[in-house]
Amino acid sequence: MHEPGTEFGCAACYGEDAQAVYGRQREGFAHETAVVADSHFAVSVRRCLACGQRFVWIWTEFTDWSGGDDASYVTILPLTDAEAAALTAGTLPPLDLGRLGEGRRHLHSDRPSHGPFRLHWSTGPFPVQEGH
């Protein structure tokens with residue numbers, strides 16, 4: 001499909017409207033592989049049903065033991081076919097995924113404890129850490 005340096009996705013999965021892309025989470029993507037499935041950290045490879053573009057979905061939750069309103073974060077990053085294969089095979093460690101954000105747009109959502117939900121496109125490396 002797409003190789004490094006090429007455009008990713010389609011308007012439905014990688015368009016300018018972050019809210020519209022995020023809203024397609026349940027019905028616009030197919031789950032391909034769970035790479036990590038822990039209670040506070042999950043990494044999976046998903047595929048856009050419209051164009052076949054693969055994405056890694058990274059979900060992290062940080063328990064603060066304060067009323068059950070724990071901080072949670074989701075990052076959705078497009079992958080090349082080679083990156084998706086390496087992640088699935090275990091040769092691309094999930095904690096190293098943040099470096100792929102260099103020069104590549106990714107969707108980031110966060111809901112801090114007792115704070116508002118925020119959603120935006122971002123470019124550049126980002127931290128990936130296991131939740132607790």
# chains A, B, ... in the order shown; residues from 1 in each chain; ligands from 1
call {"tool": "select_by_dssp", "arguments": {"residues": "segment 27-95 of chain A", "states": "strand (DSSP E)", "output": "ChimeraX atom specification"}}
result
/A:29-37,41-48,54-62,71-79
call {"tool": "residues_around", "arguments": {"residues": "Arg105 of chain A", "least_positions_apart": "6", "cutoff": "12 Å", "atoms": "only C-alpha atoms", "output": "list in words"}}
result
Gly5, Glu7, Phe8, Gly9, Cys13, Tyr14, Gly15, Glu16, Ala18, Phe55, Thr75, Ile76, Leu77, Pro78, Leu79, Gly98, Arg99, His120, Trp121, Ser122, Thr123, Gly124, Pro125 and Phe126 of chain A
call {"tool": "write_last_selection", "arguments": {"atoms": "N, CA and C atoms", "output": "mmCIF file, in the first residue's frame"}}
result
data_model
loop_
_atom_site.group_PDB
_atom_site.id
_atom_site.type_symbol
_atom_site.label_atom_id
_atom_site.label_comp_id
_atom_site.auth_asym_id
_atom_site.auth_seq_id
_atom_site.Cartn_x
_atom_site.Cartn_y
_atom_site.Cartn_z
ATOM 1 N N GLY A 5 7.201 8.301 3.137
ATOM 2 C CA GLY A 5 7.294 9.465 2.267
ATOM 3 C C GLY A 5 6.095 9.638 1.347
ATOM 4 N N GLU A 7 1.746 9.673 0.720
ATOM 5 C CA GLU A 7 0.543 10.111 1.423
ATOM 6 C C GLU A 7 -0.159 8.903 2.038
ATOM 7 N N PHE A 8 -0.780 9.116 3.157
ATOM 8 C CA PHE A 8 -1.492 8.058 3.862
ATOM 9 C C PHE A 8 -2.992 8.244 3.743
ATOM 10 N N GLY A 9 -3.715 7.149 3.733
ATOM 11 C CA GLY A 9 -5.151 7.131 3.897
ATOM 12 C C GLY A 9 -5.989 7.882 2.884
ATOM 13 N N CYS A 13 -10.472 8.451 6.603
ATOM 14 C CA CYS A 13 -9.649 7.996 7.725
ATOM 15 C C CYS A 13 -8.495 8.925 8.058
ATOM 16 N N TYR A 14 -8.190 9.877 7.167
ATOM 17 C CA TYR A 14 -7.024 10.736 7.377
ATOM 18 C C TYR A 14 -7.300 12.168 6.928
ATOM 19 N N GLY A 15 -8.592 12.512 6.863
ATOM 20 C CA GLY A 15 -8.996 13.844 6.434
ATOM 21 C C GLY A 15 -8.697 14.911 7.468
ATOM 22 N N GLU A 16 -8.923 16.131 7.090
ATOM 23 C CA GLU A 16 -8.605 17.274 7.954
ATOM 24 C C GLU A 16 -9.475 17.348 9.202
ATOM 25 N N ALA A 18 -10.645 16.272 12.332
ATOM 26 C CA ALA A 18 -10.258 15.306 13.369
ATOM 27 C C ALA A 18 -11.482 14.656 14.018
ATOM 28 N N PHE A 55 -3.583 1.468 10.508
ATOM 29 C CA PHE A 55 -3.258 2.394 11.584
ATOM 30 C C PHE A 55 -2.919 1.603 12.826
ATOM 31 N N THR A 75 -3.863 7.529 20.696
ATOM 32 C CA THR A 75 -3.129 8.049 19.547
ATOM 33 C C THR A 75 -3.366 7.094 18.393
ATOM 34 N N ILE A 76 -3.711 7.655 17.234
ATOM 35 C CA ILE A 76 -4.000 6.881 16.033
ATOM 36 C C ILE A 76 -3.004 7.330 14.969
ATOM 37 N N LEU A 77 -2.139 6.415 14.556
ATOM 38 C CA LEU A 77 -1.029 6.733 13.658
ATOM 39 C C LEU A 77 -1.064 5.828 12.437
ATOM 40 N N PRO A 78 -0.994 6.393 11.219
ATOM 41 C CA PRO A 78 -0.968 5.533 10.031
ATOM 42 C C PRO A 78 0.349 4.764 9.951
ATOM 43 N N LEU A 79 0.270 3.566 9.410
ATOM 44 C CA LEU A 79 1.441 2.708 9.270
ATOM 45 C C LEU A 79 1.637 2.302 7.815
ATOM 46 N N GLY A 98 6.268 5.859 18.989
ATOM 47 C CA GLY A 98 6.263 7.316 18.989
ATOM 48 C C GLY A 98 7.242 7.942 18.020
ATOM 49 N N ARG A 99 8.328 7.248 17.733
ATOM 50 C CA ARG A 99 9.316 7.809 16.789
ATOM 51 C C ARG A 99 8.753 7.888 15.370
ATOM 52 N N HIS A 120 -7.011 16.457 18.558
ATOM 53 C CA HIS A 120 -6.303 17.270 17.574
ATOM 54 C C HIS A 120 -5.343 16.416 16.756
ATOM 55 N N TRP A 121 -5.045 16.908 15.560
ATOM 56 C CA TRP A 121 -3.991 16.329 14.745
ATOM 57 C C TRP A 121 -2.667 16.879 15.252
ATOM 58 N N SER A 122 -1.644 16.066 15.228
ATOM 59 C CA SER A 122 -0.320 16.482 15.658
ATOM 60 C C SER A 122 0.705 15.841 14.737
ATOM 61 N N THR A 123 1.889 16.425 14.682
ATOM 62 C CA THR A 123 2.993 15.862 13.920
ATOM 63 C C THR A 123 4.227 15.901 14.807
ATOM 64 N N GLY A 124 5.023 14.870 14.730
ATOM 65 C CA GLY A 124 6.255 14.814 15.504
ATOM 66 C C GLY A 124 6.262 13.609 16.416
ATOM 67 N N PRO A 125 7.429 13.282 16.938
ATOM 68 C CA PRO A 125 7.532 12.150 17.851
ATOM 69 C C PRO A 125 6.643 12.379 19.076
ATOM 70 N N PHE A 126 6.177 11.309 19.665
ATOM 71 C CA PHE A 126 5.334 11.400 20.861
ATOM 72 C C PHE A 126 5.710 10.264 21.805
#
call {"tool": "residues_around", "arguments": {"residues": "Trp59 of chain A", "least_positions_apart": "3", "cutoff": "6 Å", "atoms": "only C-alpha atoms", "output": "ChimeraX atom specification"}}
result
/A:41-42,73-74
call {"tool": "closest_residue", "arguments": {"among": "A:Gln19, A:Thr63, A:Leu119, A:Ala85", "to": "Ser44 of chain A", "atoms": "only C-alpha atoms"}}
result
A:Ala85
call {"tool": "select_by_dssp", "arguments": {"residues": "segment 47-106 of chain A", "states": "alpha helix (DSSP H)", "output": "list in words"}}
result
Asp81, Ala82, Glu83, Ala84, Ala85, Ala86, Leu87, Thr88 and Ala89 of chain A
call {"tool": "residues_around", "arguments": {"residues": "Gly52 of chain A", "least_positions_apart": "2", "cutoff": "12 Å", "atoms": "only C-alpha atoms", "output": "MDAnalysis selection string"}}
result
chainID A and resid 1:2 8:10 12:14 28:32 45:50 54:55 78:81
call {"tool": "closest_residue", "arguments": {"among": "A:Leu107, A:His132, A:Gly115, A:Pro93", "to": "Ala20 of chain A", "atoms": "only C-alpha atoms"}}
result
A:Leu107
call {"tool": "residues_around", "arguments": {"residues": "Phe62 of chain A", "least_positions_apart": "5", "cutoff": "9 Å", "atoms": "only C-alpha atoms", "output": "mmCIF file with N, CA, C and O atoms, in the first residue's frame"}}
result
data_model
loop_
_atom_site.group_PDB
_atom_site.id
_atom_site.type_symbol
_atom_site.label_atom_id
_atom_site.label_comp_id
_atom_site.auth_asym_id
_atom_site.auth_seq_id
_atom_site.Cartn_x
_atom_site.Cartn_y
_atom_site.Cartn_z
ATOM 1 N N HIS A 40 -4.599 -1.359 31.305
ATOM 2 C CA HIS A 40 -4.364 0.077 31.226
ATOM 3 C C HIS A 40 -3.558 0.492 29.990
ATOM 4 O O HIS A 40 -3.172 1.648 29.868
ATOM 5 N N ASP A 70 -10.385 8.492 35.594
ATOM 6 C CA ASP A 70 -8.967 8.333 35.270
ATOM 7 C C ASP A 70 -8.624 8.924 33.910
ATOM 8 O O ASP A 70 -9.420 8.892 32.981
ATOM 9 N N ALA A 71 -7.418 9.430 33.804
ATOM 10 C CA ALA A 71 -6.936 10.011 32.554
ATOM 11 C C ALA A 71 -6.756 8.906 31.514
ATOM 12 O O ALA A 71 -6.231 7.831 31.824
ATOM 13 N N SER A 72 -7.183 9.183 30.280
ATOM 14 C CA SER A 72 -6.977 8.221 29.206
ATOM 15 C C SER A 72 -6.583 8.958 27.935
ATOM 16 O O SER A 72 -6.986 10.102 27.706
ATOM 17 N N TYR A 73 -5.787 8.281 27.130
ATOM 18 C CA TYR A 73 -5.213 8.882 25.928
ATOM 19 C C TYR A 73 -5.284 7.882 24.783
ATOM 20 O O TYR A 73 -5.057 6.689 24.984
ATOM 21 N N SER A 113 -7.779 13.472 33.911
ATOM 22 C CA SER A 113 -8.651 13.334 35.086
ATOM 23 C C SER A 113 -9.325 14.670 35.380
ATOM 24 O O SER A 113 -8.655 15.700 35.449
ATOM 25 N N GLU A 130 3.390 2.620 29.025
ATOM 26 C CA GLU A 130 2.331 1.783 29.564
ATOM 27 C C GLU A 130 1.604 2.526 30.661
ATOM 28 O O GLU A 130 2.217 3.280 31.404
ATOM 29 N N GLY A 131 0.319 2.331 30.742
ATOM 30 C CA GLY A 131 -0.478 2.959 31.798
ATOM 31 C C GLY A 131 -0.358 2.178 33.105
ATOM 32 O O GLY A 131 0.345 1.173 33.202
ATOM 33 N N HIS A 132 -1.083 2.657 34.080
ATOM 34 C CA HIS A 132 -1.095 1.994 35.392
ATOM 35 C C HIS A 132 -2.373 2.315 36.107
ATOM 36 O O HIS A 132 -3.076 3.219 35.797
#
call {"tool": "closest_residue", "arguments": {"among": "A:Glu102, A:Glu83, A:Asp110, A:Asp69", "to": "Val56 of chain A", "atoms": "only C-alpha atoms"}}
result
A:Glu83
call {"tool": "closest_residue", "arguments": {"among": "A:Cys51, A:Val35, A:Val21, A:Val128", "to": "Ala86 of chain A", "atoms": "only C-alpha atoms"}}
result
A:Val35
call {"tool": "residues_around", "arguments": {"residues": "Gln129 of chain A", "least_positions_apart": "6", "cutoff": "9 Å", "atoms": "only C-alpha atoms", "output": "VMD selection string"}}
result
chain A and resid 41 60 94 to 95
call {"tool": "atom_distance", "arguments": {"atom1": "atom CA of Val36 of chain A", "atom2": "atom CA of His106 of chain A"}}
result
19.5 Å
